[in-house]
$ cat target_10.cif   # mmCIF, C-alpha atoms and all ligand atoms
data_input
#
loop_
_atom_site.label_atom_id
_atom_site.label_comp_id
_atom_site.auth_asym_id
_atom_site.auth_seq_id
_atom_site.Cartn_x
_atom_site.Cartn_y
_atom_site.Cartn_z
CA GLN A 1 140.30 8.36 145.83
CA LYS A 2 139.47 5.31 147.95
CA GLN A 3 143.08 5.44 149.19
CA GLU A 4 142.78 9.04 150.32
CA TRP A 5 139.57 8.14 152.16
CA ALA A 6 141.20 5.17 153.89
CA LYS A 7 143.96 7.40 155.27
CA LEU A 8 141.33 9.47 157.05
CA LYS A 9 139.61 6.49 158.68
CA ASN A 10 141.08 6.99 162.14
CA GLU A 11 141.22 10.78 161.97
CA LYS A 12 138.98 13.36 163.54
CA THR A 13 137.23 15.77 161.17
CA TYR A 14 138.66 19.25 160.63
CA SER A 15 137.91 21.90 158.05
CA ALA A 16 140.81 23.40 156.05
CA ASP A 17 140.96 26.25 158.58
CA GLY A 18 141.08 23.89 161.54
CA VAL A 19 137.51 23.87 162.85
CA GLN A 20 136.40 20.50 164.20
CA VAL A 21 133.03 18.89 163.45
CA GLU A 22 131.81 15.39 164.23
CA LEU A 23 130.88 12.83 161.58
CA ALA A 24 128.46 10.26 162.93
CA ALA A 25 126.49 7.41 161.42
CA ASN A 26 122.83 6.49 161.18
CA ILE A 27 122.12 2.87 162.13
CA GLY A 28 119.13 0.55 162.34
CA THR A 29 120.53 -2.47 164.22
CA PRO A 30 123.53 -3.44 166.40
CA ASP A 31 124.96 -5.30 163.39
CA ASP A 32 125.48 -1.97 161.64
CA ILE A 33 128.22 -0.91 164.08
CA GLU A 34 130.94 -2.88 162.30
CA GLY A 35 130.30 -0.79 159.18
CA VAL A 36 130.30 2.42 161.23
CA LEU A 37 133.72 1.67 162.68
CA ASN A 38 135.14 0.44 159.36
CA ASN A 39 134.07 3.70 157.75
CA GLY A 40 135.59 5.96 160.39
CA GLY A 41 132.38 6.95 162.22
CA GLU A 42 133.10 9.09 165.27
CA ALA A 43 129.72 8.43 166.87
CA VAL A 44 126.24 7.09 166.22
CA GLY A 45 124.08 10.15 165.50
CA LEU A 46 120.84 8.26 164.97
CA TYR A 47 119.91 4.75 166.06
CA ARG A 48 116.47 4.14 164.57
CA THR A 49 115.00 1.78 167.16
CA GLU A 50 111.86 0.98 165.19
CA PHE A 51 113.62 -1.96 163.54
CA LEU A 52 113.46 -3.73 166.91
CA TYR A 53 109.68 -3.46 166.68
CA MET A 54 109.18 -4.21 163.00
CA GLY A 55 108.98 -7.56 161.20
CA LYS A 56 107.80 -9.46 164.26
CA SER A 57 104.50 -10.58 165.74
CA SER A 58 104.65 -8.82 169.12
CA LEU A 59 106.40 -5.99 170.94
CA PRO A 60 110.07 -6.53 171.82
CA SER A 61 110.52 -7.12 175.55
CA GLU A 62 112.42 -4.71 177.78
CA GLU A 63 115.16 -7.34 178.05
CA GLU A 64 115.48 -7.75 174.28
CA GLN A 65 115.77 -3.98 173.91
CA TYR A 66 118.27 -3.71 176.74
CA GLU A 67 120.52 -6.26 175.02
CA ALA A 68 120.38 -4.37 171.71
CA TYR A 69 121.15 -0.97 173.25
CA LYS A 70 123.91 -2.42 175.42
CA SER A 71 125.48 -4.10 172.39
CA VAL A 72 125.57 -0.82 170.43
CA LEU A 73 126.99 1.13 173.39
CA GLU A 74 129.66 -1.47 174.11
CA GLN A 75 130.73 -1.77 170.50
CA MET A 76 131.07 2.02 170.28
CA ASP A 77 133.33 1.87 173.32
CA GLY A 78 132.64 5.25 174.91
CA LYS A 79 131.87 7.12 171.70
CA ALA A 80 128.52 8.92 171.70
CA VAL A 81 125.40 6.96 170.71
CA VAL A 82 122.19 8.91 170.09
CA VAL A 83 119.24 6.55 170.40
CA ARG A 84 115.91 7.72 169.06
CA THR A 85 112.84 6.40 170.85
CA LEU A 86 110.19 4.59 168.84
CA ASP A 87 109.17 6.43 165.65
CA ILE A 88 106.30 4.29 164.45
CA GLY A 89 103.40 5.37 162.27
CA GLY A 90 103.67 7.37 159.07
CA ASP A 91 104.99 4.85 156.56
CA LYS A 92 106.12 2.43 159.30
CA GLU A 93 103.29 0.17 160.47
CA LEU A 94 103.23 -2.42 163.24
CA SER A 95 100.74 -5.16 162.38
CA TYR A 96 100.32 -6.33 166.00
CA LEU A 97 99.30 -2.89 167.29
CA ASP A 98 96.22 -2.66 165.11
CA LEU A 99 96.32 1.13 164.76
CA PRO A 100 93.38 2.79 163.00
CA LYS A 101 93.77 3.67 159.31
CA GLU A 102 94.31 7.38 158.85
CA MET A 103 93.69 9.80 155.98
CA ASN A 104 97.12 11.39 156.39
CA PRO A 105 99.42 8.98 158.23
CA PHE A 106 102.39 11.35 158.07
CA LEU A 107 100.30 13.98 159.83
CA GLY A 108 98.75 11.53 162.19
CA PHE A 109 99.24 9.38 165.23
CA ARG A 110 102.95 8.58 165.05
CA ALA A 111 106.19 8.60 167.01
CA ILE A 112 106.07 10.59 170.27
CA ARG A 113 102.32 11.16 169.81
CA PHE A 114 101.77 7.40 169.92
CA CYS A 115 104.30 6.81 172.72
CA LEU A 116 102.81 9.41 175.05
CA GLU A 117 99.38 7.78 174.67
CA ASN A 118 100.73 4.25 175.03
CA GLU A 119 102.90 4.26 178.13
CA ASP A 120 102.77 0.48 178.26
CA VAL A 121 104.82 0.54 175.05
CA PHE A 122 106.95 3.59 175.85
CA ARG A 123 108.00 2.93 179.46
CA PRO A 124 109.71 -0.43 178.79
CA GLN A 125 111.80 1.26 176.08
CA LEU A 126 112.81 4.03 178.47
CA ARG A 127 113.71 1.47 181.13
CA ALA A 128 115.78 -0.55 178.67
CA LEU A 129 117.64 2.60 177.61
CA LEU A 130 118.27 3.71 181.18
CA ARG A 131 119.56 0.28 182.17
CA ALA A 132 121.85 0.21 179.13
CA SER A 133 123.19 3.71 179.88
CA VAL A 134 125.93 2.40 182.18
CA HIS A 135 127.56 0.57 179.25
CA GLY A 136 128.66 3.61 177.25
CA ASN A 137 127.93 7.18 176.24
CA LEU A 138 124.16 7.23 175.72
CA LYS A 139 122.12 10.18 174.53
CA ILE A 140 118.34 9.85 174.19
CA MET A 141 116.31 11.68 171.56
CA PHE A 142 112.55 11.98 171.07
CA PRO A 143 111.15 12.01 167.50
CA MET A 144 108.46 14.25 165.96
CA ILE A 145 108.35 16.79 168.76
CA ALA A 146 105.91 19.57 167.81
CA THR A 147 105.36 21.28 171.16
CA LEU A 148 107.24 21.98 174.38
CA GLU A 149 104.59 20.06 176.30
CA GLU A 150 105.39 16.89 174.36
CA PHE A 151 109.06 17.21 175.21
CA ARG A 152 108.32 17.90 178.87
CA ALA A 153 105.91 14.95 179.09
CA ALA A 154 108.39 12.55 177.48
CA LYS A 155 111.23 13.76 179.69
CA ALA A 156 109.04 13.44 182.79
CA LEU A 157 108.34 9.78 181.97
CA LEU A 158 112.06 9.21 181.50
CA LEU A 159 112.83 10.77 184.89
CA GLU A 160 110.08 8.72 186.53
CA GLU A 161 111.52 5.49 185.17
CA LYS A 162 114.98 6.59 186.26
CA GLU A 163 113.73 7.08 189.81
CA SER A 164 112.02 3.66 189.87
CA LEU A 165 115.15 1.93 188.64
CA LYS A 166 117.26 3.64 191.27
CA ASN A 167 114.75 2.62 193.92
CA GLU A 168 115.05 -0.95 192.69
CA GLY A 169 118.80 -0.67 193.16
CA ILE A 170 119.58 -0.76 189.43
CA ALA A 171 122.47 1.41 188.22
CA VAL A 172 121.69 4.23 185.78
CA SER A 173 124.10 6.80 184.34
CA ASP A 174 123.70 10.37 185.58
CA ASP A 175 125.12 11.97 182.40
CA ILE A 176 122.53 11.03 179.82
CA GLU A 177 121.83 13.96 177.50
CA VAL A 178 118.19 14.26 176.45
CA GLY A 179 117.41 15.93 173.15
CA ILE A 180 114.89 16.09 170.35
CA MET A 181 114.63 15.66 166.62
CA VAL A 182 113.79 18.94 164.91
CA GLU A 183 111.69 17.71 162.02
CA ILE A 184 108.46 19.67 162.41
CA PRO A 185 108.45 23.33 161.34
CA SER A 186 106.81 24.55 164.58
CA THR A 187 109.81 23.29 166.52
CA ALA A 188 112.34 24.74 164.08
CA VAL A 189 110.60 28.13 164.33
CA LEU A 190 110.43 27.98 168.12
CA ALA A 191 113.95 26.60 168.55
CA ARG A 192 114.94 29.42 170.88
CA GLN A 193 112.42 28.30 173.50
CA PHE A 194 113.25 24.61 173.05
CA ALA A 195 116.97 25.31 173.35
CA LYS A 196 116.53 26.36 176.97
CA GLU A 197 115.15 22.92 177.88
CA VAL A 198 116.83 20.32 175.69
CA ASP A 199 120.45 19.17 175.84
CA PHE A 200 120.80 18.97 172.05
CA PHE A 201 118.96 19.09 168.74
CA SER A 202 119.21 16.74 165.78
CA ILE A 203 117.64 18.15 162.64
CA GLY A 204 115.68 15.51 160.73
CA THR A 205 115.59 17.00 157.27
CA ASN A 206 113.80 14.05 155.66
CA ASP A 207 110.65 15.04 157.52
CA LEU A 208 111.44 18.74 157.98
CA ILE A 209 111.55 19.20 154.20
CA GLN A 210 108.33 17.28 153.60
CA TYR A 211 106.46 19.25 156.27
CA THR A 212 107.88 22.64 155.30
CA MET A 213 107.22 22.22 151.59
CA ALA A 214 104.00 20.24 152.18
CA ALA A 215 105.30 17.57 149.82
CA ASP A 216 105.01 13.88 150.73
CA ARG A 217 108.53 12.46 150.77
CA MET A 218 107.30 9.23 149.10
CA ASN A 219 105.21 10.80 146.33
CA GLU A 220 107.02 10.99 142.97
CA GLN A 221 104.56 13.48 141.55
CA VAL A 222 105.51 16.14 144.07
CA SER A 223 109.17 15.20 144.39
CA TYR A 224 110.11 18.40 142.54
CA LEU A 225 109.10 20.22 145.73
CA TYR A 226 111.37 18.12 147.87
CA GLN A 227 114.16 20.71 147.90
CA PRO A 228 116.84 20.39 150.59
CA TYR A 229 118.61 23.59 149.49
CA HIS A 230 115.47 25.68 149.36
CA PRO A 231 116.17 28.93 151.25
CA ALA A 232 113.12 28.23 153.46
CA ILE A 233 114.85 25.08 154.69
CA LEU A 234 118.19 26.86 155.10
CA ASN A 235 116.55 29.61 157.15
CA LEU A 236 114.94 27.03 159.45
CA VAL A 237 118.21 25.13 159.84
CA ASN A 238 120.03 28.38 160.59
CA ASN A 239 117.42 29.35 163.16
CA VAL A 240 117.87 26.03 164.96
CA ILE A 241 121.67 26.31 164.98
CA GLU A 242 121.68 29.92 166.22
CA ALA A 243 119.13 29.10 168.94
CA ALA A 244 121.11 26.10 170.17
CA HIS A 245 124.42 27.92 170.20
CA SER A 246 123.01 30.91 172.05
CA GLU A 247 122.12 28.47 174.86
CA GLY A 248 125.42 26.61 174.64
CA LYS A 249 123.84 23.45 173.19
CA TRP A 250 125.06 21.37 170.26
CA VAL A 251 123.20 20.67 167.02
CA GLY A 252 123.42 17.68 164.72
CA MET A 253 121.60 16.72 161.57
CA CYS A 254 120.55 13.14 160.85
CA GLY A 255 118.48 13.50 157.69
CA GLU A 256 119.89 12.55 154.27
CA MET A 257 120.93 16.16 153.76
CA ALA A 258 123.78 15.82 156.29
CA GLY A 259 125.77 13.60 153.92
CA ASP A 260 125.00 15.50 150.73
CA PRO A 261 128.09 17.07 149.08
CA ILE A 262 126.16 20.20 148.07
CA ALA A 263 124.65 20.66 151.53
CA ILE A 264 127.86 20.00 153.48
CA PRO A 265 129.57 23.34 152.64
CA ILE A 266 126.37 25.20 153.52
CA LEU A 267 125.90 23.35 156.83
CA LEU A 268 129.56 23.83 157.77
CA GLY A 269 129.16 27.56 157.20
CA LEU A 270 125.95 27.70 159.24
CA GLY A 271 127.85 26.12 162.14
CA LEU A 272 126.39 22.59 162.33
CA ASP A 273 128.31 20.62 164.98
CA GLU A 274 127.52 17.02 164.08
CA PHE A 275 126.70 15.44 160.70
CA SER A 276 125.05 12.02 160.90
CA MET A 277 124.80 10.01 157.70
CA SER A 278 124.96 6.52 156.24
CA ALA A 279 128.30 4.96 157.15
CA THR A 280 129.57 4.84 153.56
CA SER A 281 129.23 8.62 153.22
CA ILE A 282 131.52 9.40 156.18
CA LEU A 283 134.95 9.17 154.56
CA PRO A 284 133.92 11.11 151.43
CA ALA A 285 132.43 13.78 153.72
CA ARG A 286 135.59 13.94 155.86
CA THR A 287 137.68 14.37 152.70
CA GLN A 288 135.40 17.13 151.46
CA ILE A 289 135.36 19.03 154.78
CA LYS A 290 139.15 18.83 155.04
CA ASN A 291 139.25 20.92 151.86
CA LEU A 292 136.63 23.49 152.86
CA SER A 293 137.26 26.67 154.82
CA LYS A 294 134.58 27.12 157.46
CA GLU A 295 135.30 30.83 157.66
CA GLU A 296 134.78 31.22 153.92
CA MET A 297 131.55 29.21 153.99
CA ALA A 298 130.30 31.23 156.97
CA SER A 299 130.95 34.44 155.02
CA TYR A 300 128.29 33.36 152.47
CA LYS A 301 125.62 32.86 155.12
CA GLU A 302 123.65 36.10 154.70
CA GLN A 303 123.73 35.78 150.91
CA LEU A 304 122.45 32.20 151.02
CA LEU A 305 119.70 32.94 153.54
CA ASN A 306 118.48 35.80 151.36
CA MET A 307 118.27 33.83 148.12
CA GLY A 308 114.88 33.10 146.59
CA THR A 309 115.21 29.66 145.05
CA ASP A 310 116.86 26.31 145.52
CA GLU A 311 118.48 26.62 142.11
CA GLU A 312 120.27 29.85 143.03
CA VAL A 313 121.68 28.16 146.12
CA VAL A 314 122.95 25.17 144.15
CA GLU A 315 124.57 27.33 141.43
CA PHE A 316 126.24 29.50 144.05
CA ILE A 317 127.68 26.59 146.06
CA LYS A 318 128.91 24.78 142.96
CA GLU A 319 130.71 27.89 141.83
CA LYS A 320 132.27 28.70 145.21
CA THR A 321 133.46 25.14 145.81
CA ASN A 322 134.54 24.39 142.22
CA MET A 323 132.12 21.48 141.78
C1 LIG B 1 114.33 12.55 159.33
O1 LIG B 1 113.12 12.73 159.36
O2 LIG B 1 115.14 13.31 158.75
C2 LIG B 1 114.93 11.37 160.00
C3 LIG B 1 116.24 11.25 160.13
O3 LIG B 1 114.09 10.41 160.45
P1 LIG B 1 113.37 9.32 159.52
O4 LIG B 1 114.04 9.40 158.16
O5 LIG B 1 113.57 8.03 160.23
O6 LIG B 1 111.98 9.82 159.53
MG MG B 2 111.79 11.66 160.67
#
$ encode --input "target_10.cif" --output "structure tokens"
Amino acid sequence: QKQEWAKLKNEKTYSADGVQVELAANIGTPDDIEGVLNNGGEAVGLYRTEFLYMGKSSLPSEEEQYEAYKSVLEQMDGKAVVVRTLDIGGDKELSYLDLPKEMNPFLGFRAIRFCLENEDVFRPQLRALLRASVHGNLKIMFPMIATLEEFRAAKALLLEEKESLKNEGIAVSDDIEVGIMVEIPSTAVLARQFAKEVDFFSIGTNDLIQYTMAADRMNEQVSYLYQPYHPAILNLVNNVIEAAHSEGKWVGMCGEMAGDPIAIPILLGLGLDEFSMSATSILPARTQIKNLSKEEMASYKEQLLNMGTDEEVVEFIKEKTNM
């Protein structure tokens, strides 16, 4: 099996009936790129920048960030790199920021909520990204967007920093796509309105599942409710994909679900454009997709969306794909 995977390393990803999708990788540091390329990654679908901020005693400087982003873009050599701005809070703490303890950290002051209130932290990251943009194919994505206002505010700061850099005579790319993570149910429900304003969506199922099912993703006692194939999740994912496509935008997924062999046939049928996963899942996923008919999977869409339980979905997919 490893041999069959290796043959697909330098291939694009097509379903059995010839529909192309993109298989991207999730990374945490520039050192991860070697593994992405060795495993046939076509892009970086999620660069979690919080690792630049964690495990140190102070904020990373703009320069330090610029070097990291530039390194990732250069190593990817023109292939798309989706960089997510700082997603701190929740389970990820920064000792040097001295944030107040919260009753419900996952529902609290995290990610874009923190960045919009702390421009002294957020602006240097935006500047570093903009400066790095001339070294490759950069796309910027904001995490934990719950409202249109948050997206507009974050994008406005980005445009402000772009203007300042240009005024300083520093080169910035003019083709940077700006998108959002869809990981909060309000945004998945209102995807149609968001789709008019963003360049792309990336569905973050790790959080979308926990918020939709109201089940802490770290709590073993409620892990039975953490159900990626629950029809409620599938309906939200479908809503996001339909909304994006009706506005001519693309949709990726960068939660664990994107690399899951049971989810892949469903997501292919719903029309997901980009699947971003851990690098080692890419070749198995490419092999699986090569053997799936997108048209057939799409024909099951209404049935799947109308099911009542996660178990029904799993049984159905296993039967249809001979698992
Ligand atoms: C997600 O929520 O699905 C996601 C990809 O982000 P993280 O796991 O970093 O929260
Ligand atoms: Mg998340």
$ residues_near_ligand --input "target_10.cif" --ligand "ligand LIG 1 (chain B)" --cutoff "10 Å" --atoms "only C-alpha atoms and all ligand atoms" --output "PDB file with C-alpha atoms, keeping the file's coordinate frame"
ATOM      1  CA  ASN A  26     122.830   6.490 161.180  1.00  0.00           C
ATOM      2  CA  GLY A  28     119.130   0.550 162.340  1.00  0.00           C
ATOM      3  CA  GLY A  45     124.080  10.150 165.500  1.00  0.00           C
ATOM      4  CA  LEU A  46     120.840   8.260 164.970  1.00  0.00           C
ATOM      5  CA  TYR A  47     119.910   4.750 166.060  1.00  0.00           C
ATOM      6  CA  ARG A  48     116.470   4.140 164.570  1.00  0.00           C
ATOM      7  CA  THR A  49     115.000   1.780 167.160  1.00  0.00           C
ATOM      8  CA  GLU A  50     111.860   0.980 165.190  1.00  0.00           C
ATOM      9  CA  ARG A  84     115.910   7.720 169.060  1.00  0.00           C
ATOM     10  CA  LEU A  86     110.190   4.590 168.840  1.00  0.00           C
ATOM     11  CA  ASP A  87     109.170   6.430 165.650  1.00  0.00           C
ATOM     12  CA  ILE A  88     106.300   4.290 164.450  1.00  0.00           C
ATOM     13  CA  GLY A  90     103.670   7.370 159.070  1.00  0.00           C
ATOM     14  CA  ASP A  91     104.990   4.850 156.560  1.00  0.00           C
ATOM     15  CA  LYS A  92     106.120   2.430 159.300  1.00  0.00           C
ATOM     16  CA  PHE A 106     102.390  11.350 158.070  1.00  0.00           C
ATOM     17  CA  ALA A 111     106.190   8.600 167.010  1.00  0.00           C
ATOM     18  CA  PRO A 143     111.150  12.010 167.500  1.00  0.00           C
ATOM     19  CA  MET A 144     108.460  14.250 165.960  1.00  0.00           C
ATOM     20  CA  MET A 181     114.630  15.660 166.620  1.00  0.00           C
ATOM     21  CA  VAL A 182     113.790  18.940 164.910  1.00  0.00           C
ATOM     22  CA  GLU A 183     111.690  17.710 162.020  1.00  0.00           C
ATOM     23  CA  ILE A 184     108.460  19.670 162.410  1.00  0.00           C
ATOM     24  CA  SER A 202     119.210  16.740 165.780  1.00  0.00           C
ATOM     25  CA  ILE A 203     117.640  18.150 162.640  1.00  0.00           C
ATOM     26  CA  GLY A 204     115.680  15.510 160.730  1.00  0.00           C
ATOM     27  CA  THR A 205     115.590  17.000 157.270  1.00  0.00           C
ATOM     28  CA  ASN A 206     113.800  14.050 155.660  1.00  0.00           C
ATOM     29  CA  ASP A 207     110.650  15.040 157.520  1.00  0.00           C
ATOM     30  CA  LEU A 208     111.440  18.740 157.980  1.00  0.00           C
ATOM     31  CA  ILE A 209     111.550  19.200 154.200  1.00  0.00           C
ATOM     32  CA  GLN A 210     108.330  17.280 153.600  1.00  0.00           C
ATOM     33  CA  TYR A 211     106.460  19.250 156.270  1.00  0.00           C
ATOM     34  CA  ARG A 217     108.530  12.460 150.770  1.00  0.00           C
ATOM     35  CA  MET A 253     121.600  16.720 161.570  1.00  0.00           C
ATOM     36  CA  CYS A 254     120.550  13.140 160.850  1.00  0.00           C
ATOM     37  CA  GLY A 255     118.480  13.500 157.690  1.00  0.00           C
ATOM     38  CA  GLU A 256     119.890  12.550 154.270  1.00  0.00           C
ATOM     39  CA  MET A 257     120.930  16.160 153.760  1.00  0.00           C
ATOM     40  CA  ALA A 258     123.780  15.820 156.290  1.00  0.00           C
ATOM     41  CA  SER A 276     125.050  12.020 160.900  1.00  0.00           C
ATOM     42  CA  MET A 277     124.800  10.010 157.700  1.00  0.00           C
TER      43      MET A 277
END
$ closest_residue --input "target_10.cif" --among "A:Ser95, A:Ser58, A:Asn38, A:Thr85" --to "ligand MG 2 (chain B)" --atoms "only C-alpha atoms and all ligand atoms"
A:Thr85
$ atom_distance --input "target_10.cif" --atom1 "atom CA of A:Glu63" --atom2 "atom CA of A:Ala153"
24.2 Å
$ closest_residue --input "target_10.cif" --among "A:Ile176, A:Leu165, A:Ile266, A:Ile145" --to "ligand MG 2 (chain B)" --atoms "all atoms listed in the file"
A:Ile145
$ residues_around --input "target_10.cif" --residues "A:Ala146" --least-positions-apart "6" --cutoff "8 Å" --atoms "all atoms listed in the file" --output "list of chain:residue names"
A:Ile184, A:Pro185, A:Ser186, A:Thr187
$ atom_distance --input "target_10.cif" --atom1 "atom CA of A:Asn238" --atom2 "atom CA of A:Glu302"
10.4 Å
$ atom_distance --input "target_10.cif" --atom1 "atom CA of A:Thr147" --atom2 "atom CA of A:Cys115"
14.6 Å
$ residues_around --input "target_10.cif" --residues "A:Ala195" --least-positions-apart "5" --cutoff "7 Å" --atoms "only C-alpha atoms" --output "list in words"
Ala243, Ala244 and Glu247 of chain A
$ closest_residue --input "target_10.cif" --among "A:Gln125, A:Thr212, A:Gln65, A:Ser133" --to "A:Val81" --atoms "all atoms listed in the file"
A:Ser133
